[in-house]
Each structure stands twice: as C-alpha cells, then as structure tokens.
Amino acid sequence: MDNTLQQIQRAQDNYGKMLKLLPKIRHNSEVLHQAKNIMQELIDFYENPHWLTLHDNSDQYEFDTHGNYSVLSEDAIWNVLVEYHEIMEELQQENCE
C-alpha cells in the first residue's frame with residue numbers, strides 16, 4: 001500500500017473510531033483524551049492542502065470505510081468535527097455550573 005493510500009486509510013480508520021467515541025466522551029475523561037488526539041489527527045489530515053487533491057481524485061483510491069462515510073467526502077470529517085465541538089462546549093458548560 002503506498003503512502004497516500006495508507007494516509008487515507010488511517011484517516012478513515014480514525015473517522016470510524018471517532019464515530020464510536022463521540023457518544024462516550026461525555027462520561028469518560030480517558031476516552032476524552034483519546035478522542036482529542038484522534039480528532040487532532042483528523043483535523044491535520046483534513047486541513048492539509050493535499051486533502052483537496054485527494055478529494056478531487058477520490059475515485060482513484062480504494063480503501064475500507066468500515067461502512068462509514070469516506071474521509072474523502074466533503075462532509076464526513078467536518079460533521080464529526082462539529083459534533084465533537086458541540087460535545088466539548090456542552091462539557092464546558094456543565095463544568096461551569
């Protein structure tokens with residue numbers, strides 16, 4: 001597997017992990033720390049200018065999405081990022097009360 005495909009697959013795997021972790025974050029600080037690290041990897045992947053090239057050529061890459069949306073789709077990582085930030089804001093508000 002070439003480096004580009006490995007990079008895409010890692011991001012796809014991290015996306016799947018985040019989908020599973022998001023519901024658990026509210027109740028577990030260890031999970032929160034793990035989610036923060038994984039989310040940062042996804043952000044780094046998504047914000048890299050190379051992502052747009054990967055997105056534009058996504059039909060050239062075959063990788064396992066584990067039944068989730070592809071990290072090369074326009075909204076997959078963005079939607080996880082939004083949900084993650086919503087949960088973080090909720091947790092901050094709860095901690096301030």
# chains A, B, ... in the order shown; residues from 1 in each chain; ligands from 1
>>> select_by_dssp(residues="chain A", states="helix (DSSP H, G or I)", output="NGL selection string")
:A and (3-25 or 29-47 or 50-56 or 58-60 or 76-96)
>>> residues_around(residues="Leu42 in chain A", least_positions_apart="3", cutoff="10 Å", atoms="only C-alpha atoms", output="JSON, numbers by chain")
{"A": [10, 11, 12, 13, 14, 15, 18, 36, 37, 38, 39, 45, 46, 47, 48, 71, 77, 78, 80, 81]}
>>> closest_residue(among="A:Asp64, A:Leu19, A:His27, A:Ile43", to="Glu90 in chain A", atoms="only C-alpha atoms")
A:His27
>>> residues_around(residues="Ile25 in chain A", least_positions_apart="2", cutoff="10 Å", atoms="only C-alpha atoms", output="list in words")
Met18, Lys20, Leu21, Leu22, Pro23, His27, Asn28, Ser29, Glu30, Val31, Leu32, His33, Gln34, Ala35, Lys36, Tyr84, Ile87, Met88 and Leu91 of chain A
>>> residues_around(residues="Tyr61 in chain A", least_positions_apart="6", cutoff="10 Å", atoms="only C-alpha atoms", output="MDAnalysis selection string")
chainID A and resid 4:5 8:9 54:55 72
>>> write_last_selection(atoms="N, CA and C atoms", output="compact mmCIF listing (two decimals), in the first residue's frame")
# COMPACT_ATOMS: atom_id res chain seq x y z
N THR A 4 0.21 7.41 0.27
CA THR A 4 -1.03 8.16 0.16
C THR A 4 -2.21 7.32 0.59
N LEU A 5 -2.26 6.10 0.10
CA LEU A 5 -3.36 5.21 0.47
C LEU A 5 -3.32 4.88 1.95
N ILE A 8 -4.78 7.87 3.75
CA ILE A 8 -6.23 7.90 3.62
C ILE A 8 -6.85 6.85 4.52
N GLN A 9 -6.30 5.63 4.50
CA GLN A 9 -6.87 4.55 5.32
C GLN A 9 -6.78 4.88 6.80
N LEU A 54 -6.70 14.85 -2.81
CA LEU A 54 -7.21 13.50 -2.54
C LEU A 54 -8.71 13.44 -2.78
N HIS A 55 -9.42 14.46 -2.31
CA HIS A 55 -10.88 14.53 -2.50
C HIS A 55 -11.22 14.55 -3.99
N LEU A 72 -12.77 11.13 2.46
CA LEU A 72 -12.53 11.95 1.28
C LEU A 72 -13.81 12.61 0.78
>>> closest_residue(among="A:Ser73, A:Gln40, A:Gln6, A:Asn68", to="Asp56 in chain A", atoms="only C-alpha atoms")
A:Ser73
